[in-house]
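Undergrad: To be precise about what I am sending: the file is called run_11.cif and holds mmCIF, C-alpha atoms.
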data_final
#
loop_
_atom_site.label_atom_id
_atom_site.label_comp_id
_atom_site.auth_asym_id
_atom_site.auth_seq_id
_atom_site.Cartn_x
_atom_site.Cartn_y
_atom_site.Cartn_z
CA MET A 11 -25.61 -9.79 11.16
CA THR A 12 -23.32 -6.76 11.14
CA VAL A 13 -23.14 -6.73 7.32
CA ASN A 14 -25.83 -7.88 4.89
CA LEU A 15 -25.89 -8.51 1.15
CA GLU A 16 -29.15 -7.56 -0.53
CA VAL A 17 -29.57 -8.13 -4.28
CA ALA A 18 -32.04 -6.39 -6.60
CA GLU A 19 -31.92 -5.54 -10.31
CA GLY A 20 -28.44 -7.00 -10.65
CA VAL A 21 -27.10 -4.76 -7.88
CA GLY A 22 -25.78 -6.19 -4.64
CA THR A 23 -25.87 -3.83 -1.67
CA LEU A 24 -23.30 -4.51 1.03
CA ARG A 25 -25.11 -2.87 3.94
CA LEU A 26 -23.24 -2.20 7.18
CA ASP A 27 -25.60 -2.68 10.12
CA ARG A 28 -23.89 -2.22 13.45
CA PRO A 29 -25.62 0.68 15.21
CA PRO A 30 -25.05 3.34 16.20
CA MET A 31 -21.84 4.12 14.25
CA ASN A 32 -21.08 0.96 12.24
CA ALA A 33 -17.82 0.48 14.11
CA LEU A 34 -15.77 -2.10 12.23
CA ASP A 35 -14.97 -4.71 14.85
CA VAL A 36 -13.36 -8.08 14.08
CA ALA A 37 -16.70 -9.80 13.49
CA THR A 38 -17.77 -7.07 11.05
CA GLN A 39 -14.46 -7.26 9.20
CA ASP A 40 -14.79 -11.02 8.79
CA ARG A 41 -18.40 -10.74 7.68
CA LEU A 42 -17.45 -8.04 5.17
CA LYS A 43 -14.83 -10.35 3.63
CA GLU A 44 -17.28 -13.24 3.47
CA LEU A 45 -19.93 -11.20 1.68
CA ALA A 46 -17.47 -9.48 -0.66
CA GLU A 47 -16.34 -12.92 -1.79
CA GLU A 48 -19.98 -13.98 -2.18
CA ALA A 49 -20.70 -10.89 -4.31
CA THR A 50 -17.67 -11.82 -6.42
CA ARG A 51 -18.99 -15.34 -7.04
CA ARG A 52 -22.67 -14.63 -7.62
CA GLU A 53 -23.68 -14.23 -11.24
CA ASP A 54 -26.84 -12.32 -10.29
CA VAL A 55 -24.64 -9.60 -8.73
CA ARG A 56 -23.31 -7.49 -11.61
CA ALA A 57 -22.48 -4.31 -9.64
CA VAL A 58 -22.15 -3.46 -5.93
CA VAL A 59 -23.11 -0.61 -3.60
CA ILE A 60 -21.42 -0.24 -0.21
CA TYR A 61 -23.77 1.57 2.18
CA GLY A 62 -23.86 2.28 5.89
CA GLY A 63 -27.37 3.68 6.16
CA GLU A 64 -28.93 7.13 6.18
CA LYS A 65 -26.96 8.57 9.10
CA VAL A 66 -23.44 7.14 9.03
CA PHE A 67 -21.21 5.17 6.67
CA ALA A 68 -18.70 3.83 9.21
CA ALA A 69 -17.03 5.77 11.98
CA GLY A 70 -13.96 3.54 12.03
CA ALA A 71 -12.60 0.58 13.93
CA ASP A 72 -13.94 -0.52 17.30
CA ILE A 73 -11.49 1.36 19.52
CA LYS A 74 -12.52 -0.43 22.71
CA GLU A 75 -11.84 -3.77 21.05
CA MET A 76 -8.47 -2.60 19.74
CA GLN A 77 -7.44 -1.11 23.08
CA ALA A 78 -7.51 -4.59 24.57
CA MET A 79 -5.16 -5.95 21.90
CA ASP A 80 -1.43 -6.07 22.46
CA HIS A 81 1.33 -6.22 19.83
CA THR A 82 1.14 -10.00 19.45
CA ALA A 83 -2.64 -9.93 19.01
CA MET A 84 -2.42 -7.27 16.30
CA VAL A 85 0.40 -9.03 14.48
CA LEU A 86 -1.96 -11.98 14.24
CA ARG A 87 -4.94 -9.82 13.24
CA ALA A 88 -3.51 -7.14 10.93
CA ARG A 89 -3.36 -9.35 7.83
CA ALA A 90 -6.98 -10.44 8.28
CA LEU A 91 -7.98 -6.80 8.63
CA GLN A 92 -6.31 -5.90 5.34
CA ASP A 93 -7.63 -9.04 3.64
CA ALA A 94 -11.21 -8.05 4.46
CA PHE A 95 -10.81 -4.69 2.73
CA THR A 96 -8.83 -6.17 -0.15
CA ALA A 97 -11.71 -8.59 -0.77
CA VAL A 98 -13.93 -5.56 -1.38
CA ALA A 99 -11.34 -3.82 -3.57
CA ARG A 100 -10.97 -6.96 -5.67
CA ILE A 101 -14.64 -7.51 -6.42
CA PRO A 102 -14.33 -7.80 -10.23
CA LYS A 103 -17.44 -5.72 -10.83
CA PRO A 104 -18.22 -2.00 -10.60
CA VAL A 105 -18.38 -0.94 -6.93
CA VAL A 106 -19.72 2.39 -5.64
CA ALA A 107 -19.57 3.66 -2.05
CA ALA A 108 -22.65 5.55 -0.88
CA VAL A 109 -21.27 7.73 1.91
CA THR A 110 -23.45 9.50 4.46
CA GLY A 111 -22.27 11.04 7.72
CA TYR A 112 -18.94 9.89 9.10
CA ALA A 113 -16.50 7.81 7.05
CA LEU A 114 -13.47 7.84 9.33
CA GLY A 115 -10.47 5.56 9.74
CA GLY A 116 -11.57 2.14 8.58
CA GLY A 117 -14.73 3.70 7.23
CA CYS A 118 -12.74 5.97 4.94
CA GLU A 119 -10.51 3.04 3.99
CA LEU A 120 -13.59 1.03 3.06
CA ALA A 121 -14.82 3.84 0.80
CA LEU A 122 -11.37 3.86 -0.83
CA CYS A 123 -11.93 0.24 -1.88
CA ALA A 124 -14.77 1.31 -4.20
CA ASP A 125 -14.34 2.35 -7.83
CA TYR A 126 -16.51 5.45 -7.35
CA ARG A 127 -17.70 7.39 -4.31
CA ILE A 128 -20.95 9.35 -3.97
CA ALA A 129 -21.14 11.41 -0.77
CA GLY A 130 -23.96 13.17 0.96
CA GLU A 131 -23.69 16.84 1.82
CA ASN A 132 -23.42 15.74 5.48
CA ALA A 133 -20.43 13.47 4.87
CA LYS A 134 -17.18 13.85 6.80
CA LEU A 135 -14.18 11.77 5.82
CA GLY A 136 -10.72 11.33 7.28
CA GLN A 137 -7.93 9.12 8.59
CA PRO A 138 -7.66 10.07 12.27
CA GLU A 139 -5.48 7.14 13.34
CA ILE A 140 -2.51 9.44 14.05
CA LEU A 141 -4.52 10.93 16.92
CA LEU A 142 -4.43 7.49 18.54
CA GLY A 143 -0.68 7.15 18.04
CA LEU A 144 -1.25 4.85 15.05
CA ILE A 145 -1.32 4.92 11.26
CA PRO A 146 -4.05 3.60 8.96
CA GLY A 147 -3.86 -0.18 8.85
CA ALA A 148 -6.57 -1.23 6.39
CA GLY A 149 -5.00 0.23 3.25
CA GLY A 150 -5.20 3.96 3.91
CA THR A 151 -1.49 4.66 3.48
CA GLN A 152 -1.58 2.90 0.10
CA ARG A 153 -4.99 3.55 -1.49
CA LEU A 154 -5.36 7.18 -0.40
CA PRO A 155 -2.15 8.50 -2.06
CA ARG A 156 -2.95 6.49 -5.18
CA LEU A 157 -6.30 8.25 -5.33
CA ILE A 158 -5.51 11.86 -4.40
CA GLY A 159 -1.71 12.06 -4.62
CA PRO A 160 0.96 11.67 -1.92
CA SER A 161 1.12 15.21 -0.57
CA LYS A 162 -2.63 15.56 -0.07
CA ALA A 163 -2.80 12.08 1.42
CA LYS A 164 0.03 12.87 3.83
CA ASP A 165 -1.78 16.01 4.96
CA LEU A 166 -4.84 13.98 5.90
CA ILE A 167 -2.84 11.12 7.44
CA PHE A 168 -0.33 13.32 9.32
CA THR A 169 -2.94 15.68 10.80
CA GLY A 170 -5.82 13.24 11.26
CA ARG A 171 -8.22 16.01 10.29
CA MET A 172 -11.70 15.41 8.92
CA VAL A 173 -12.81 16.96 5.65
CA LYS A 174 -16.38 17.83 4.76
CA ALA A 175 -17.99 16.69 1.55
CA GLU A 176 -17.10 19.70 -0.58
CA GLU A 177 -13.43 19.60 0.35
CA ALA A 178 -13.41 15.83 -0.19
CA LEU A 179 -14.78 16.51 -3.68
CA ALA A 180 -12.10 19.11 -4.39
CA LEU A 181 -9.40 16.68 -3.21
CA GLY A 182 -10.75 13.89 -5.39
CA LEU A 183 -11.55 11.80 -2.35
CA VAL A 184 -15.18 11.58 -3.49
CA ASP A 185 -16.54 11.85 -7.01
CA ARG A 186 -19.97 13.39 -6.49
CA VAL A 187 -21.77 15.25 -3.69
CA VAL A 188 -25.56 15.05 -3.45
CA PRO A 189 -28.23 15.76 -0.82
CA ALA A 190 -27.88 13.24 2.00
CA ASP A 191 -31.29 11.69 1.38
CA GLU A 192 -30.38 10.97 -2.25
CA VAL A 193 -27.06 9.20 -1.67
CA TYR A 194 -28.25 5.61 -1.83
CA GLU A 195 -30.70 6.27 -4.66
CA GLN A 196 -28.01 7.82 -6.83
CA ALA A 197 -25.43 5.18 -5.94
CA HIS A 198 -27.88 2.42 -6.78
CA ALA A 199 -28.74 4.11 -10.08
CA TRP A 200 -25.03 4.31 -10.97
CA ALA A 201 -24.60 0.62 -10.19
CA ALA A 202 -27.84 -0.44 -11.89
CA ARG A 203 -26.85 1.26 -15.14
CA LEU A 204 -23.54 -0.61 -15.18
CA ALA A 205 -25.26 -3.86 -14.18
CA GLN A 206 -26.92 -3.73 -17.62
CA GLY A 207 -23.52 -3.57 -19.33
CA PRO A 208 -21.15 -6.25 -20.65
CA ALA A 209 -19.99 -8.01 -17.50
CA LEU A 210 -16.73 -9.42 -18.83
CA ALA A 211 -15.68 -6.17 -20.51
CA LEU A 212 -16.37 -4.28 -17.27
CA ARG A 213 -14.32 -6.83 -15.37
CA ALA A 214 -11.51 -6.46 -17.91
CA ALA A 215 -11.61 -2.67 -17.70
CA LYS A 216 -11.41 -2.72 -13.90
CA GLU A 217 -8.55 -5.21 -13.82
CA ALA A 218 -6.61 -3.36 -16.52
CA VAL A 219 -6.87 -0.02 -14.70
CA ASP A 220 -6.13 -1.45 -11.24
CA ALA A 221 -3.26 -3.67 -12.39
CA GLY A 222 -1.78 -0.87 -14.47
CA LEU A 223 -1.66 1.45 -11.47
CA GLU A 224 0.48 -1.09 -9.62
CA THR A 225 3.15 -1.53 -12.29
CA ASP A 226 5.14 0.16 -15.06
CA ILE A 227 3.39 1.32 -18.22
CA ASP A 228 4.81 -1.43 -20.45
CA THR A 229 3.46 -4.12 -18.17
CA GLY A 230 0.18 -2.24 -17.91
CA LEU A 231 -0.08 -2.07 -21.69
CA THR A 232 0.48 -5.82 -21.84
CA VAL A 233 -2.39 -6.38 -19.41
CA GLU A 234 -4.60 -4.09 -21.51
CA ARG A 235 -3.60 -5.76 -24.78
CA ASN A 236 -4.31 -9.26 -23.48
CA TRP A 237 -7.73 -8.32 -22.15
CA PHE A 238 -8.58 -6.32 -25.30
CA ALA A 239 -7.76 -9.24 -27.58
CA GLY A 240 -9.41 -11.76 -25.27
CA LEU A 241 -12.74 -9.92 -25.37
CA PHE A 242 -12.97 -10.69 -29.07
CA ALA A 243 -13.86 -14.24 -28.02
CA THR A 244 -16.95 -13.14 -26.07
CA GLU A 245 -20.62 -13.15 -26.97
CA ASP A 246 -20.97 -9.63 -25.56
CA ARG A 247 -18.41 -8.33 -28.05
CA GLU A 248 -20.31 -9.96 -30.90
CA ARG A 249 -23.59 -8.52 -29.64
CA GLY A 250 -22.18 -5.05 -29.10
CA MET A 251 -20.57 -4.77 -32.53
CA ARG A 252 -23.57 -6.25 -34.31
CA SER A 253 -25.87 -3.76 -32.61
CA PHE A 254 -23.57 -0.88 -33.52
CA VAL A 255 -23.53 -1.85 -37.20
CA GLU A 256 -27.25 -2.57 -37.45
CA GLU A 257 -28.78 -0.02 -35.05
CA GLY A 258 -26.13 2.60 -34.30
CA PRO A 259 -24.11 3.29 -31.13
CA GLY A 260 -25.30 2.76 -27.57
CA LYS A 261 -28.24 0.44 -28.24
CA ALA A 262 -26.78 -2.99 -27.47
CA LYS A 263 -28.53 -5.17 -24.87
CA PHE A 264 -26.10 -7.33 -22.91
CA LEU A 265 -28.38 -9.32 -20.59
#
Give the structure from the file, written as structure tokens.
TA:
Amino acid sequence: MTVNLEVAEGVGTLRLDRPPMNALDVATQDRLKELAEEATRREDVRAVVIYGGEKVFAAGADIKEMQAMDHTAMVLRARALQDAFTAVARIPKPVVAAVTGYALGGGCELALCADYRIAGENAKLGQPEILLGLIPGAGGTQRLPRLIGPSKAKDLIFTGRMVKAEEALALGLVDRVVPADEVYEQAHAWAARLAQGPALALRAAKEAVDAGLETDIDTGLTVERNWFAGLFATEDRERGMRSFVEEGPGKAKFL
């Protein structure tokens, strides 16, 4: 399989496995969607790591496959391409991208679907589609400016240039830079810590932030208010508040 889902300690790892560069061909895109939806459904998956291996995250789409596609073929395929990435972005659980080596084109767009990005010192990220006479087609023109701002996003999209890990950190494209051999370990630790948290509250927090970014503040505040009030009906809220009163802050057990 070109993508695998491995689960341990409440953390599901979506592992890209298409050597040598994890090129995201049609079969890989479809498999990614399938497993993202599985991670969404499974109760034993409480947080997710997206990982491409020790050497490369994903170098982008399969250019040879795309070269053979004409306009009609891509009209029929483009929605499925976006749907695969959207399935990852909509996993209602904390998602971290563990980025080593190249994360270009579709690989960068996949990292953008995560809530948090940990990059190795050897990471190089970018949206080089313009160099092929194209634009990003898996969410790059939408998720990148929402993350780092329109002018910085346009610089990367217009020029197609790659940025190394430290510049990606300065841009806000990644959230932490660590030695390359520690990327997965630290990403898994981030996810495992959150996997111990209140699952419904984490889901609510993610939906409130993501939905709020897509709308006006009044609508966003309505989303927040509804989730906030709704959580008062949950066992986790009862457990968390009881622990706070009886034991002090930060000691609640939610599993």
Undergrad: When distances are computed from all atoms listed in the file, which of A:Pro160, A:Pro146, A:Gly130, A:Gly117 shows the smallest separation from Glu195 of chain A?
TA: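 For Glu195 of chain A, the nearest of the candidates is A:Gly130.
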Undergrad: In Å, how far is it from atom CA of Ile140 of chain A to atom CA of Ala190 of chain A?
TA: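 Taking atom CA of Ile140 of chain A and atom CA of Ala190 of chain A, their separation equals 28.3 Å.
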Undergrad: Atom CA of Ala71 of chain A and atom CA of Lys174 of chain A are how many Å apart?
TA: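 Straight-line distance from atom CA of Ala71 of chain A to atom CA of Lys174 of chain A works out to 19.9 Å.
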Undergrad: On this structure, which residues satisfy the PyMOL selection byres ((chain A and resi 158) around 12), written as a short mmCIF file (atom, residue, chain, number, x, y, z; two decimals) with C-alpha atoms, keeping the file's coordinate frame?
TA:
data_model
loop_
_atom_site.label_atom_id
_atom_site.label_comp_id
_atom_site.auth_asym_id
_atom_site.auth_seq_id
_atom_site.Cartn_x
_atom_site.Cartn_y
_atom_site.Cartn_z
CA LEU A 122 -11.37 3.86 -0.83
CA GLY A 150 -5.20 3.96 3.91
CA THR A 151 -1.49 4.66 3.48
CA GLN A 152 -1.58 2.90 0.10
CA ARG A 153 -4.99 3.55 -1.49
CA LEU A 154 -5.36 7.18 -0.40
CA PRO A 155 -2.15 8.50 -2.06
CA ARG A 156 -2.95 6.49 -5.18
CA LEU A 157 -6.30 8.25 -5.33
CA GLY A 159 -1.71 12.06 -4.62
CA PRO A 160 0.96 11.67 -1.92
CA SER A 161 1.12 15.21 -0.57
CA LYS A 162 -2.63 15.56 -0.07
CA ALA A 163 -2.80 12.08 1.42
CA LYS A 164 0.03 12.87 3.83
CA ASP A 165 -1.78 16.01 4.96
CA LEU A 166 -4.84 13.98 5.90
CA ALA A 178 -13.41 15.83 -0.19
CA LEU A 179 -14.78 16.51 -3.68
CA ALA A 180 -12.10 19.11 -4.39
CA LEU A 181 -9.40 16.68 -3.21
CA GLY A 182 -10.75 13.89 -5.39
CA LEU A 183 -11.55 11.80 -2.35
CA VAL A 184 -15.18 11.58 -3.49
CA ASP A 185 -16.54 11.85 -7.01
#
Undergrad: Residues near segment 210-222 of chain A, anyone? I mean within 7 Å using only C-alpha atoms, not counting same-chain ones fewer than 2 positions away, as a VMD selection string.
TA: chain A and resid 102 to 103 208 224 to 225 227 230 233 to 234 237 241
Undergrad: Could you work out how far atom CA of Gln39 of chain A lies from atom CA of Asp93 of chain A, giving the answer in Å with one decimal?
TA: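 Atom CA of Asp93 of chain A sits 9.0 Å away from atom CA of Gln39 of chain A.
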Undergrad: Name the residues that the PyMOL selection byres ((chain A and resi 14-29) around 9) picks from the file above, as a ChimeraX atom specification, using the file's chain letters and numbers.
TA: /A:11-13,30-34,38,41-42,45-46,48-49,53-63,67-68,198,201-202,205-206
Undergrad: Can those selected residues be exported to a file as a tab-separated table (two decimals), in the coordinates of the input so that it contains C-alpha atoms?
TA:
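File produced: out-v2.tsv:
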chain	number	residue	atom	x	y	z
A	11	MET	CA	-25.61	-9.79	11.16
A	12	THR	CA	-23.32	-6.76	11.14
A	13	VAL	CA	-23.14	-6.73	7.32
A	30	PRO	CA	-25.05	3.34	16.20
A	31	MET	CA	-21.84	4.12	14.25
A	32	ASN	CA	-21.08	0.96	12.24
A	33	ALA	CA	-17.82	0.48	14.11
A	34	LEU	CA	-15.77	-2.10	12.23
A	38	THR	CA	-17.77	-7.07	11.05
A	41	ARG	CA	-18.40	-10.74	7.68
A	42	LEU	CA	-17.45	-8.04	5.17
A	45	LEU	CA	-19.93	-11.20	1.68
A	46	ALA	CA	-17.47	-9.48	-0.66
A	48	GLU	CA	-19.98	-13.98	-2.18
A	49	ALA	CA	-20.70	-10.89	-4.31
A	53	GLU	CA	-23.68	-14.23	-11.24
A	54	ASP	CA	-26.84	-12.32	-10.29
A	55	VAL	CA	-24.64	-9.60	-8.73
A	56	ARG	CA	-23.31	-7.49	-11.61
A	57	ALA	CA	-22.48	-4.31	-9.64
A	58	VAL	CA	-22.15	-3.46	-5.93
A	59	VAL	CA	-23.11	-0.61	-3.60
A	60	ILE	CA	-21.42	-0.24	-0.21
A	61	TYR	CA	-23.77	1.57	2.18
A	62	GLY	CA	-23.86	2.28	5.89
A	63	GLY	CA	-27.37	3.68	6.16
A	67	PHE	CA	-21.21	5.17	6.67
A	68	ALA	CA	-18.70	3.83	9.21
A	198	HIS	CA	-27.88	2.42	-6.78
A	201	ALA	CA	-24.60	0.62	-10.19
A	202	ALA	CA	-27.84	-0.44	-11.89
A	205	ALA	CA	-25.26	-3.86	-14.18
A	206	GLN	CA	-26.92	-3.73	-17.62
Undergrad: For Gly136 of chain A, work out the shell of residues within 8 Å, counting only C-alpha atoms and skipping chain neighbours fewer than 5 positions away, then give it as a ChimeraX atom specification.
TA: /A:113-115,118,166-167,170-173
Undergrad: Could you save the residues just selected, with C-alpha atoms, as a CSV table (one decimal), in the frame of the given file?
TA:
chain,number,residue,atom,x,y,z
A,113,ALA,CA,-16.5,7.8,7.0
A,114,LEU,CA,-13.5,7.8,9.3
A,115,GLY,CA,-10.5,5.6,9.7
A,118,CYS,CA,-12.7,6.0,4.9
A,166,LEU,CA,-4.8,14.0,5.9
A,167,ILE,CA,-2.8,11.1,7.4
A,170,GLY,CA,-5.8,13.2,11.3
A,171,ARG,CA,-8.2,16.0,10.3
A,172,MET,CA,-11.7,15.4,8.9
A,173,VAL,CA,-12.8,17.0,5.6
Undergrad: Could you tell me which residues the PyMOL selection byres ((chain A and resi 98) around 8) grabs in this file, written as a ChimeraX atom specification?
TA: /A:42-43,46-47,94-97,99-101,120,123-124
Undergrad: Can you tell me which residues surround Glu245 of chain A at a distance of at most 12 Å, considering only C-alpha atoms, apart from same-chain residues fewer than 6 positions away, and format the answer as a list in words?
TA: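 Counting only the stated atoms, we get Pro208, Ala209, Leu210, Ala211, Met251, Arg252, Ala262, Lys263, Phe264 and Leu265 of chain A.
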Undergrad: Of the candidates A:Gly116, A:Gly143, A:Gly240, A:Gly111, which one gets nearest to Gln77 of chain A if we count all atoms listed in the file?
TA: A:Gly143
Undergrad: Considering all atoms listed in the file, state which residue in the set A:Val66, A:Ile145, A:Met84, A:Leu91 is at the smallest distance from Ala133 of chain A.
TA: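 Of the candidates, the smallest distance to Ala133 of chain A is held by A:Val66.
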